[in-house]
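This report refers to the structure that appears directly beneath it.
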Protein chains: 2
Amino acid sequence: MPKYYDELDDVIRALADPTRRAVVERLAKSPAVVSELAEPFAMALPSFMQHLRVLEDAGVISSEKHGRVRTVTLRPGALDVLHLWLGQQRTPAEHQAERLGIHLTRKET
Amino acid sequence: MPKYYDELDDVIRALADPTRRAVVERLAKSPAVVSELAEPFAMALPSFMQHLRVLEDAGVISSEKHGRVRTVTLRPGALDVLHLWLGQQRTPAEHQAERLGIHLTRKET
């Protein structure tokens, strides 16, 4: 399997958890320190750190420690691999609709 | 949690498996019958059918049975929910880059 598929697999598995997606949503706004990130979750810190580790191993986030404070950042372009894969799964009907400038079943929930 | 998040959760979990992603890739080209879909996979048919069931429960595919032949189709717009979520996770730097028409770290592997 090419490297692309390994990267895609890591990213999708990292996102297949609501806590980790909520972390990504928060970090899309700005970087944050771990204590601030963990705050909204009713979860022991070691469990939360494990989620961060999965995201970091998948290359979705990066973190940097200054003194006792660890700051976490969403890596720019980290989700591109999934974006690219999704684009490739358009059906011929969707491609045609796109050329015609119409949307078949766009759900803007 | 709004319905959107449930739908997103189902779709991401359905795609967090390489066999199921390969099925989606195949169906993006055209609908296919189950026997044809199953052929490339070294897997017992009941296990393969279980993967199809996960995709169907998540609303990613639909299937129709005519006589003894079941035809599987990728549902148009089924992946839109994930596409939409990904778009919302752009960082401020990515938004700005997009406005300027540049790509930060686009990986076209």
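Residues are named by chain letter and number: chains run A, B, ... in the order of the structure tokens, numbers start at 1 in each chain, and ligands are numbered from 1 in the order shown.
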Hey, could you lay chain B over chain A with a least-squares C-alpha fit (all atoms, paired in order) and save it as a JSON list (two decimals) with C-alpha atoms, in the first residue's frame?
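Writing done, so here's part.json:
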[["chain", "number", "residue", "atom", "x", "y", "z"],
["B", 1, "MET", "CA", -0.01, 0.00, 0.08],
["B", 2, "PRO", "CA", 1.39, 3.43, -0.84],
["B", 3, "LYS", "CA", 2.28, 5.86, 1.93],
["B", 4, "TYR", "CA", -0.80, 7.91, 1.05],
["B", 5, "TYR", "CA", -3.08, 5.07, 2.21],
["B", 6, "ASP", "CA", -1.23, 4.66, 5.52],
["B", 7, "GLU", "CA", -1.54, 8.39, 6.17],
["B", 8, "LEU", "CA", -5.24, 8.33, 5.22],
["B", 9, "ASP", "CA", -5.83, 5.34, 7.50],
["B", 10, "ASP", "CA", -4.15, 7.08, 10.46],
["B", 11, "VAL", "CA", -6.11, 10.31, 9.92],
["B", 12, "ILE", "CA", -9.52, 8.62, 9.54],
["B", 13, "ARG", "CA", -8.97, 6.42, 12.59],
["B", 14, "ALA", "CA", -7.88, 9.47, 14.58],
["B", 15, "LEU", "CA", -11.08, 11.27, 13.59],
["B", 16, "ALA", "CA", -13.35, 8.27, 14.28],
["B", 17, "ASP", "CA", -13.89, 9.42, 17.86],
["B", 18, "PRO", "CA", -16.10, 12.33, 18.98],
["B", 19, "THR", "CA", -13.66, 13.58, 21.64],
["B", 20, "ARG", "CA", -10.83, 13.77, 19.14],
["B", 21, "ARG", "CA", -13.06, 15.51, 16.59],
["B", 22, "ALA", "CA", -14.07, 18.05, 19.24],
["B", 23, "VAL", "CA", -10.37, 18.72, 19.91],
["B", 24, "VAL", "CA", -9.81, 19.32, 16.19],
["B", 25, "GLU", "CA", -12.83, 21.68, 16.08],
["B", 26, "ARG", "CA", -11.43, 23.66, 19.03],
["B", 27, "LEU", "CA", -7.91, 23.84, 17.55],
["B", 28, "ALA", "CA", -9.22, 24.99, 14.17],
["B", 29, "LYS", "CA", -9.97, 28.29, 15.94],
["B", 30, "SER", "CA", -6.52, 28.70, 17.53],
["B", 31, "PRO", "CA", -3.75, 26.74, 19.29],
["B", 32, "ALA", "CA", -4.49, 25.95, 22.96],
["B", 33, "VAL", "CA", -2.73, 24.67, 26.05],
["B", 34, "VAL", "CA", -3.58, 21.14, 27.23],
["B", 35, "SER", "CA", -5.41, 22.18, 30.41],
["B", 36, "GLU", "CA", -7.68, 24.50, 28.42],
["B", 37, "LEU", "CA", -8.27, 21.81, 25.77],
["B", 38, "ALA", "CA", -9.13, 19.17, 28.37],
["B", 39, "GLU", "CA", -11.52, 21.37, 30.34],
["B", 40, "PRO", "CA", -14.79, 20.73, 28.44],
["B", 41, "PHE", "CA", -14.40, 16.95, 28.72],
["B", 42, "ALA", "CA", -15.58, 14.89, 31.71],
["B", 43, "MET", "CA", -12.52, 12.69, 31.46],
["B", 44, "ALA", "CA", -9.42, 11.91, 33.53],
["B", 45, "LEU", "CA", -6.35, 13.75, 32.20],
["B", 46, "PRO", "CA", -4.43, 10.54, 31.30],
["B", 47, "SER", "CA", -7.35, 9.39, 29.10],
["B", 48, "PHE", "CA", -7.48, 12.80, 27.47],
["B", 49, "MET", "CA", -3.71, 12.76, 26.87],
["B", 50, "GLN", "CA", -4.14, 9.38, 25.16],
["B", 51, "HIS", "CA", -6.57, 10.99, 22.69],
["B", 52, "LEU", "CA", -4.03, 13.76, 22.02],
["B", 53, "ARG", "CA", -1.37, 11.13, 21.43],
["B", 54, "VAL", "CA", -3.52, 9.42, 18.76],
["B", 55, "LEU", "CA", -4.05, 12.76, 17.02],
["B", 56, "GLU", "CA", -0.33, 13.58, 17.23],
["B", 57, "ASP", "CA", 0.76, 10.13, 15.96],
["B", 58, "ALA", "CA", -1.59, 10.59, 12.99],
["B", 59, "GLY", "CA", 0.02, 13.95, 12.25],
["B", 60, "VAL", "CA", -3.23, 15.84, 12.82],
["B", 61, "ILE", "CA", -1.85, 17.97, 15.66],
["B", 62, "SER", "CA", 1.57, 18.98, 16.91],
["B", 63, "SER", "CA", 2.56, 20.11, 20.39],
["B", 64, "GLU", "CA", 5.35, 22.05, 22.01],
["B", 65, "LYS", "CA", 6.32, 22.26, 25.66],
["B", 66, "HIS", "CA", 7.54, 25.49, 27.24],
["B", 67, "GLY", "CA", 8.34, 25.01, 30.92],
["B", 68, "ARG", "CA", 5.36, 23.12, 32.33],
["B", 69, "VAL", "CA", 2.91, 24.26, 29.67],
["B", 70, "ARG", "CA", 2.24, 22.20, 26.53],
["B", 71, "THR", "CA", 0.66, 24.06, 23.62],
["B", 72, "VAL", "CA", -1.21, 22.08, 20.98],
["B", 73, "THR", "CA", -1.67, 23.20, 17.37],
["B", 74, "LEU", "CA", -3.70, 21.84, 14.45],
["B", 75, "ARG", "CA", -1.15, 21.07, 11.73],
["B", 76, "PRO", "CA", -1.89, 23.11, 8.59],
["B", 77, "GLY", "CA", -2.82, 20.76, 5.77],
["B", 78, "ALA", "CA", -3.09, 17.79, 8.14],
["B", 79, "LEU", "CA", -6.57, 16.91, 6.90],
["B", 80, "ASP", "CA", -5.71, 17.39, 3.21],
["B", 81, "VAL", "CA", -5.17, 13.67, 2.69],
["B", 82, "LEU", "CA", -8.79, 12.98, 3.67],
["B", 83, "HIS", "CA", -10.06, 15.93, 1.65],
["B", 84, "LEU", "CA", -8.23, 14.59, -1.40],
["B", 85, "TRP", "CA", -9.58, 11.07, -0.93],
["B", 86, "LEU", "CA", -13.15, 12.37, -0.57],
["B", 87, "GLY", "CA", -12.78, 14.35, -3.79],
["B", 88, "GLN", "CA", -11.74, 11.17, -5.60],
["B", 89, "GLN", "CA", -14.91, 9.34, -4.49],
["B", 90, "ARG", "CA", -17.28, 11.51, -6.48],
["B", 91, "THR", "CA", -19.57, 9.43, -8.64],
["B", 92, "PRO", "CA", -19.83, 10.17, -12.38],
["B", 93, "ALA", "CA", -23.26, 11.76, -11.66],
["B", 94, "GLU", "CA", -21.68, 14.07, -9.07],
["B", 95, "HIS", "CA", -18.87, 15.02, -11.47],
["B", 96, "GLN", "CA", -21.44, 15.87, -14.10],
["B", 97, "ALA", "CA", -23.55, 17.84, -11.61],
["B", 98, "GLU", "CA", -20.47, 19.76, -10.57],
["B", 99, "ARG", "CA", -19.65, 20.62, -14.17],
["B", 100, "LEU", "CA", -23.21, 21.88, -14.55],
["B", 101, "GLY", "CA", -22.85, 23.88, -11.33],
["B", 102, "ILE", "CA", -25.65, 22.12, -9.49],
["B", 103, "HIS", "CA", -25.70, 20.19, -6.22],
["B", 104, "LEU", "CA", -27.48, 16.86, -6.07],
["B", 105, "THR", "CA", -28.18, 16.39, -2.39],
["B", 106, "ARG", "CA", -26.15, 18.99, -0.51],
["B", 107, "LYS", "CA", -27.13, 18.85, 3.17],
["B", 108, "GLU", "CA", -26.27, 22.14, 4.89],
["B", 109, "THR", "CA", -27.41, 21.01, 8.36]]
From the DSSP assignment of the backbone, select every residue of chain B that is alpha helix (DSSP H), and format the answer as a count of residues only. 60
Going by DSSP on the backbone, which bits of region 24-95 of chain A are strand (DSSP E or B)? Write them as an NGL selection string, please. :A and (32-33 or 61-66 or 69-74)
